Amino acid sequence: MTIEVNGKSLETDEEGYLSNLNDWEKDVASVMAEAEDITLGDDHWEIINFLREYYEEYQIAPAVRVLTKAVAKKLGKDKGNSKYLYELFPYGPGKQACKFAGLPKPTGCV
Amino acid sequence: MAENKFNTPQIREYPVIPALEKEATLHLAPFKSKEEFQSSLGYPGELVDNWQEKALDKMGDLLKKYRSLRVYLDSCMQCGACTDKCHYYLGTKDPNNMPVGRQNLMRSVYRRYFTLPGKYFPKLVGAQDLTKEVLDEWYSYYHQCSQCRRCAVFCPIGIDTAEISMAAREVMDSIGVGQKYCNEIIGKVHKIGNNLGLPEPALEDTLEGLEEDVVDEVGIDVKFPLDQKGADVLLVTPSADFFAEPHVDGLIGYAKVFHQAGISWTLSSHASEAANFGMFIGSYENMRKLALRIREAALELNVKRIVFGECGHAWRVAYSFLNTLAGPFDFLDSRYPVPQHICEVTNDLIDKKVLNFDKSANDDMTLTYHDSCNVARASNMGGIMGGQFSIPRKIIKAAANNYFDMDEETIKEKTYCCGGGGGLLTDDLIELRVKGALPRMEALKQVVDEKGVTHMAAICAICKSQFSKVFQYYGLELDQIVSLHQLVGNALIMNKKEV
């Protein structure tokens, strides 16, 4: 499978996750989000940027708790919970947000 | 996400056996494994040229190796006792999801090539050639079995469809037809040590974060030790416990129990996974390789005990096979069961009055308990008859005031699978997962309506993830599924001596 971003054709896996991490650019997230009926706002970008930073350091997406804690620190306690994240990414912050951020899908019993 | 549209089954007031809908879920087949995942497990990367011959050779091998498989294929008298016992049949109405229908997919091939009447008079004995079409049916329907073994409870001769599914997957893997979800995950454990692919620095960071959280919440310096040599207990837990909710709340519960009881314990970065997906694909070699990591970690860390966290099939592999897969464990302390379940640890400590609870901490919940299939039908706890049923319930009742069981026909040895077990907890099978959850949702809905139940506790990572996903399809909230040790952690009275 491929997606078209800015005239380039980028390879993805069967579920739409980027095959090559380095193919990512901001518009990749926007194109993917649009296909899933989400308009990315600043709130979404906070999460996507954090995911990418964390991945760069640890080579894996952050655990849900690590993410909620980071959000609470940055955006206030009322937003530091999974409910808030699910509002932004209805298919789950772990999966949908990772996909927009160009990261591989978390695997396992999650 | 681009999901195929499907209708969530209606909750029925009186569950009845649905009318058959032929090939209702033939279209459901999980993504196939790519070459890179296949080869790391020792399988061909794609369908081999002489696949039929190879598949039959493999089937012949398995029939020799596992007498049980031959007995299961020979002895069914098509009595029909199993027909309405599978959650996937009840949710999908597809006759190939009746346990006997599923078995017959392999039985017909077995008869054709391995029995005399089938070789000469195939049509008379329901035998069929192993064609590409049959192979596709195998791939589809042997990935619509969660290997939960509920059907085996009702079969008068005890045919275990799970073993047939495992064998079918093993045959398919051997000719290059593997499932992406399971095989990618097994490869990650071989390489990194856990299903998630969580590297050691990330694990360390996650555990440090949990220590901060617990200090913030209860003001006590509860440790989450990693690779601590000489600890008494090696805790082996599903990596979902580090990553997902409500799993992580269970992990916090175990840590509080060890802390309060003064038991020194450690996690291992080498064996940072309890789950053993080798069982799901019927591969003894992969199952053994995964189990050996636990032995290696126990020796390396010089521990005295091995304790398993909340993971259903891990406990089956641990309880039933660990000793033959990776034993002998004569270097461990023989005064404790090898291995031991975290529920057994907590239960013993409750009996010895080492742990005390303020049950009111869980008063915001009215609870029920979901027996996970592999714990219920393939293991035991406490060395007492039915301990795998009574011990988790006893712990919940020690930690919470409000508890009700679901309908007797849907719990304990008759428990329904969550709908996501056996290597099916993958997004490409979401339709199957939602439909297969129907019987459990019906039983849950009943206690929600009649007893005011608000939360369901479970001791399996797959069950917890599956429910937090499918609840929304049935009008429930994702946080209505909780970890058993989350309840323990909430209510445990802790000595505030350290901070």
# chains A, B, ... in the order shown; residues from 1 in each chain; ligands from 1
call {"tool": "select_by_dssp", "arguments": {"residues": "chain A", "states": "alpha helix (DSSP H)", "output": "PDB file with C-alpha atoms, in the first residue's frame"}}
result
ATOM      1  CA  LYS A  26       4.183  16.947   8.933  1.00  0.00           C
ATOM      2  CA  ASP A  27       1.888  16.573   5.966  1.00  0.00           C
ATOM      3  CA  VAL A  28       1.980  12.778   6.336  1.00  0.00           C
ATOM      4  CA  ALA A  29       0.116  13.163   9.615  1.00  0.00           C
ATOM      5  CA  SER A  30      -2.372  15.579   8.073  1.00  0.00           C
ATOM      6  CA  VAL A  31      -3.078  13.321   5.093  1.00  0.00           C
ATOM      7  CA  MET A  32      -3.521  10.262   7.315  1.00  0.00           C
ATOM      8  CA  ALA A  33      -5.755  12.159   9.737  1.00  0.00           C
ATOM      9  CA  GLU A  34      -7.922  13.488   6.950  1.00  0.00           C
ATOM     10  CA  ALA A  35      -8.486   9.953   5.672  1.00  0.00           C
ATOM     11  CA  ASP A  42      -2.624  22.102  18.242  1.00  0.00           C
ATOM     12  CA  ASP A  43      -3.829  19.538  20.801  1.00  0.00           C
ATOM     13  CA  HIS A  44      -3.163  16.717  18.371  1.00  0.00           C
ATOM     14  CA  TRP A  45       0.242  18.076  17.446  1.00  0.00           C
ATOM     15  CA  GLU A  46       1.320  18.216  21.104  1.00  0.00           C
ATOM     16  CA  ILE A  47       0.784  14.466  21.286  1.00  0.00           C
ATOM     17  CA  ILE A  48       2.285  13.649  17.905  1.00  0.00           C
ATOM     18  CA  ASN A  49       5.405  15.660  18.642  1.00  0.00           C
ATOM     19  CA  PHE A  50       5.841  14.033  22.038  1.00  0.00           C
ATOM     20  CA  LEU A  51       5.488  10.569  20.514  1.00  0.00           C
ATOM     21  CA  ARG A  52       8.170  11.330  17.947  1.00  0.00           C
ATOM     22  CA  GLU A  53      10.550  12.729  20.558  1.00  0.00           C
ATOM     23  CA  TYR A  54      10.058   9.739  22.819  1.00  0.00           C
ATOM     24  CA  TYR A  55      10.517   7.318  19.952  1.00  0.00           C
ATOM     25  CA  GLU A  56      13.737   8.974  18.922  1.00  0.00           C
ATOM     26  CA  GLU A  57      15.142   8.430  22.373  1.00  0.00           C
ATOM     27  CA  TYR A  58      13.773   4.958  23.199  1.00  0.00           C
ATOM     28  CA  VAL A  64       0.027   5.061  28.073  1.00  0.00           C
ATOM     29  CA  ARG A  65       0.968   6.243  31.558  1.00  0.00           C
ATOM     30  CA  VAL A  66       4.192   7.865  30.365  1.00  0.00           C
ATOM     31  CA  LEU A  67       2.180   9.714  27.766  1.00  0.00           C
ATOM     32  CA  THR A  68      -0.604  10.841  30.080  1.00  0.00           C
ATOM     33  CA  LYS A  69       1.943  12.039  32.609  1.00  0.00           C
ATOM     34  CA  ALA A  70       3.799  14.056  29.997  1.00  0.00           C
ATOM     35  CA  VAL A  71       0.513  15.568  28.813  1.00  0.00           C
ATOM     36  CA  ALA A  72      -0.477  16.434  32.387  1.00  0.00           C
ATOM     37  CA  LYS A  73       2.857  18.166  32.920  1.00  0.00           C
ATOM     38  CA  LYS A  74       2.545  20.205  29.764  1.00  0.00           C
ATOM     39  CA  LEU A  75      -1.184  20.846  29.401  1.00  0.00           C
ATOM     40  CA  SER A  82      -6.631   8.416  28.630  1.00  0.00           C
ATOM     41  CA  LYS A  83     -10.107   9.828  28.200  1.00  0.00           C
ATOM     42  CA  TYR A  84      -8.662  13.072  26.893  1.00  0.00           C
ATOM     43  CA  LEU A  85      -6.360  11.156  24.564  1.00  0.00           C
ATOM     44  CA  TYR A  86      -9.231   9.058  23.250  1.00  0.00           C
ATOM     45  CA  GLU A  87     -11.186  12.224  22.534  1.00  0.00           C
ATOM     46  CA  LEU A  88      -8.337  13.364  20.325  1.00  0.00           C
ATOM     47  CA  CYS A  98       1.483   6.470  16.522  1.00  0.00           C
ATOM     48  CA  LYS A  99       0.333   6.004  12.969  1.00  0.00           C
ATOM     49  CA  PHE A 100      -0.014   9.745  12.350  1.00  0.00           C
TER      50      PHE A 100
END
call {"tool": "residues_around", "arguments": {"residues": "Gln96 of chain A", "least_positions_apart": "5", "cutoff": "9 Å", "atoms": "only C-alpha atoms", "output": "PyMOL selection string"}}
result
(chain A and resi 33+89-91+101+105) or (chain B and resi 1)
call {"tool": "residues_around", "arguments": {"residues": "Gln228 of chain B", "least_positions_apart": "5", "cutoff": "9 Å", "atoms": "only C-alpha atoms", "output": "CSV table (one decimal) with N, CA and C atoms, in the first residue's frame"}}
result
chain,number,residue,atom,x,y,z
B,265,TRP,N,12.0,-8.6,45.3
B,265,TRP,CA,11.6,-9.1,43.9
B,265,TRP,C,12.3,-8.4,42.9
B,266,THR,N,12.2,-8.9,41.6
B,266,THR,CA,12.8,-8.2,40.5
B,266,THR,C,12.1,-8.6,39.2
B,267,LEU,N,12.1,-7.6,38.3
B,267,LEU,CA,11.7,-8.0,36.9
B,267,LEU,C,13.0,-8.2,36.2
B,268,SER,N,12.9,-8.8,35.0
B,268,SER,CA,14.1,-9.1,34.2
B,268,SER,C,14.0,-8.4,32.8
B,301,LEU,N,19.9,-14.2,37.5
B,301,LEU,CA,19.6,-13.3,38.6
B,301,LEU,C,19.6,-14.0,40.0
call {"tool": "interface_residues", "arguments": {"of": "chain A", "to": "chain B", "cutoff": "7 Å", "atoms": "only C-alpha atoms", "output": "PyMOL selection string"}}
result
chain A and resi 36+58+60+63-64+66+106-110
call {"tool": "residues_around", "arguments": {"residues": "segment 48-62 of chain B", "least_positions_apart": "4", "cutoff": "10 Å", "atoms": "only C-alpha atoms", "output": "PyMOL selection string"}}
result
chain B and resi 44+66-70+106+109-110+113-114+129-132+135+167-168+170-177
call {"tool": "write_last_selection", "arguments": {"atoms": "N, CA and C atoms", "output": "tab-separated table (two decimals), in the first residue's frame"}}
result
chain	number	residue	atom	x	y	z
B	44	PRO	N	9.30	-20.90	6.00
B	44	PRO	CA	9.45	-20.29	4.67
B	44	PRO	C	8.70	-18.96	4.60
B	66	TYR	N	1.84	-36.26	18.02
B	66	TYR	CA	0.76	-36.01	18.98
B	66	TYR	C	-0.35	-37.04	18.77
B	67	ARG	N	-0.33	-38.10	19.58
B	67	ARG	CA	-1.38	-39.12	19.48
B	67	ARG	C	-2.75	-38.49	19.67
B	68	SER	N	-2.77	-37.47	20.53
B	68	SER	CA	-4.05	-36.79	20.82
B	68	SER	C	-4.70	-36.28	19.53
B	69	LEU	N	-3.88	-35.75	18.62
B	69	LEU	CA	-4.43	-35.17	17.39
B	69	LEU	C	-5.15	-36.26	16.58
B	70	ARG	N	-4.49	-37.41	16.46
B	70	ARG	CA	-5.12	-38.51	15.71
B	70	ARG	C	-6.41	-38.96	16.40
B	106	MET	N	-10.16	-29.96	9.10
B	106	MET	CA	-8.94	-30.78	9.08
B	106	MET	C	-9.29	-32.26	8.98
B	109	VAL	N	-9.56	-33.64	5.48
B	109	VAL	CA	-8.26	-33.81	4.82
B	109	VAL	C	-7.54	-35.03	5.42
B	110	TYR	N	-7.65	-35.16	6.73
B	110	TYR	CA	-7.07	-36.32	7.41
B	110	TYR	C	-7.63	-37.61	6.83
B	113	TYR	N	-6.25	-38.51	3.22
B	113	TYR	CA	-4.86	-38.93	3.00
B	113	TYR	C	-4.32	-39.90	4.05
B	114	PHE	N	-5.03	-40.03	5.16
B	114	PHE	CA	-4.46	-40.85	6.22
B	114	PHE	C	-5.36	-42.00	6.66
B	129	ASP	N	-9.94	-33.37	-0.85
B	129	ASP	CA	-8.55	-33.06	-1.21
B	129	ASP	C	-8.11	-31.76	-0.54
B	130	LEU	N	-6.81	-31.69	-0.28
B	130	LEU	CA	-6.26	-30.44	0.24
B	130	LEU	C	-5.98	-29.51	-0.94
B	131	THR	N	-6.99	-28.76	-1.32
B	131	THR	CA	-6.85	-27.82	-2.43
B	131	THR	C	-6.49	-26.44	-1.90
B	132	LYS	N	-6.19	-25.51	-2.80
B	132	LYS	CA	-5.90	-24.15	-2.38
B	132	LYS	C	-7.12	-23.55	-1.68
B	135	LEU	N	-7.17	-24.79	1.77
B	135	LEU	CA	-6.12	-24.11	2.53
B	135	LEU	C	-6.59	-22.71	2.96
B	167	ALA	N	-2.43	-27.28	15.59
B	167	ALA	CA	-1.79	-28.13	14.58
B	167	ALA	C	-1.96	-27.54	13.19
B	168	ALA	N	-3.16	-27.03	12.91
B	168	ALA	CA	-3.42	-26.45	11.58
B	168	ALA	C	-2.51	-25.25	11.34
B	170	GLU	N	0.37	-24.74	12.71
B	170	GLU	CA	1.74	-25.25	12.55
B	170	GLU	C	1.95	-25.77	11.12
B	171	VAL	N	0.97	-26.49	10.60
B	171	VAL	CA	1.07	-27.00	9.24
B	171	VAL	C	1.19	-25.81	8.27
B	172	MET	N	0.35	-24.80	8.45
B	172	MET	CA	0.36	-23.65	7.53
B	172	MET	C	1.68	-22.89	7.62
B	173	ASP	N	2.18	-22.69	8.86
B	173	ASP	CA	3.47	-22.01	8.99
B	173	ASP	C	4.57	-22.77	8.24
B	174	SER	N	4.50	-24.09	8.29
B	174	SER	CA	5.57	-24.89	7.69
B	174	SER	C	5.60	-24.78	6.16
B	175	ILE	N	4.49	-24.32	5.56
B	175	ILE	CA	4.48	-24.14	4.10
B	175	ILE	C	4.51	-22.65	3.73
B	176	GLY	N	4.76	-21.81	4.73
B	176	GLY	CA	4.95	-20.38	4.43
B	176	GLY	C	3.70	-19.53	4.57
B	177	VAL	N	2.66	-20.09	5.18
B	177	VAL	CA	1.43	-19.32	5.37
B	177	VAL	C	1.26	-19.03	6.86
call {"tool": "select_by_dssp", "arguments": {"residues": "chain A", "states": "strand (DSSP E or B)", "output": "list in words"}}
result
Thr2, Ile3, Glu4, Val5, Lys8, Ser9, Leu10, Glu11, Thr12 and Leu18 of chain A
call {"tool": "residues_around", "arguments": {"residues": "segment 87-90 of chain B", "least_positions_apart": "4", "cutoff": "9 Å", "atoms": "only C-alpha atoms", "output": "mmCIF file with C-alpha atoms, in the first residue's frame"}}
result
data_model
loop_
_atom_site.group_PDB
_atom_site.id
_atom_site.type_symbol
_atom_site.label_atom_id
_atom_site.label_comp_id
_atom_site.auth_asym_id
_atom_site.auth_seq_id
_atom_site.Cartn_x
_atom_site.Cartn_y
_atom_site.Cartn_z
ATOM 1 C CA VAL B 16 -30.960 -18.694 21.714
ATOM 2 C CA ILE B 17 -28.985 -20.760 19.233
ATOM 3 C CA PRO B 18 -28.790 -18.653 16.079
ATOM 4 C CA LEU B 20 -26.964 -20.816 10.461
ATOM 5 C CA THR B 83 -22.368 -26.972 18.161
ATOM 6 C CA ASP B 94 -21.164 -19.312 10.657
ATOM 7 C CA PRO B 95 -21.385 -23.141 10.814
ATOM 8 C CA ASN B 96 -17.622 -23.430 10.330
ATOM 9 C CA ASN B 97 -17.326 -21.725 13.701
ATOM 10 C CA MET B 98 -19.182 -24.588 15.339
ATOM 11 C CA PRO B 99 -16.388 -26.583 16.951
ATOM 12 C CA GLN B 144 -11.339 -17.727 14.140
ATOM 13 C CA CYS B 145 -10.633 -20.073 17.048
ATOM 14 C CA SER B 146 -9.257 -18.526 20.231
ATOM 15 C CA ARG B 150 -14.888 -24.284 26.048
ATOM 16 C CA TYR B 416 -16.754 -17.632 27.661
ATOM 17 C CA CYS B 417 -13.637 -16.353 25.967
ATOM 18 C CA CYS B 418 -13.278 -12.556 25.847
ATOM 19 C CA GLY B 419 -13.215 -12.910 22.056
ATOM 20 C CA LEU B 432 -14.607 -11.268 14.774
ATOM 21 C CA ARG B 433 -13.557 -9.874 18.138
ATOM 22 C CA LYS B 435 -18.981 -10.633 17.444
ATOM 23 C CA GLY B 436 -17.163 -13.219 19.526
ATOM 24 C CA ALA B 437 -17.545 -11.076 22.636
ATOM 25 C CA LEU B 438 -21.339 -11.345 22.441
ATOM 26 C CA PRO B 439 -21.922 -14.162 24.979
ATOM 27 C CA ARG B 440 -19.694 -12.520 27.573
#
call {"tool": "closest_residue", "arguments": {"among": "A:Gly76, A:Gly16, A:Gly41, A:Gly92", "to": "Pro104 of chain A", "atoms": "only C-alpha atoms"}}
result
A:Gly16
call {"tool": "residues_around", "arguments": {"residues": "Glu36 of chain B", "least_positions_apart": "4", "cutoff": "10 Å", "atoms": "only C-alpha atoms", "output": "list in words"}}
result
Ser40, Leu41, Tyr43, Pro44, Gly45, Asn183, Glu184 and Gly187 of chain B
call {"tool": "residues_around", "arguments": {"residues": "Glu310 of chain B", "least_positions_apart": "6", "cutoff": "9 Å", "atoms": "only C-alpha atoms", "output": "list in words"}}
result
Thr237, Pro238, Asp241, His247, Gly250, Leu251, Ala274, His341, Ile342, Cys343, Ala458, Ile459, Cys460, Ala461, Ser483, Leu484 and His485 of chain B
call {"tool": "closest_residue", "arguments": {"among": "A:Gln59, A:Gly102, A:Leu40, A:Asp13", "to": "Glu25 of chain A", "atoms": "only C-alpha atoms"}}
result
A:Gly102
call {"tool": "atom_distance", "arguments": {"atom1": "atom CA of His190 of chain B", "atom2": "atom CA of Val375 of chain B"}}
result
24.7 Å
call {"tool": "atom_distance", "arguments": {"atom1": "atom CA of Ala399 of chain B", "atom2": "atom CA of Val470 of chain B"}}
result
26.8 Å
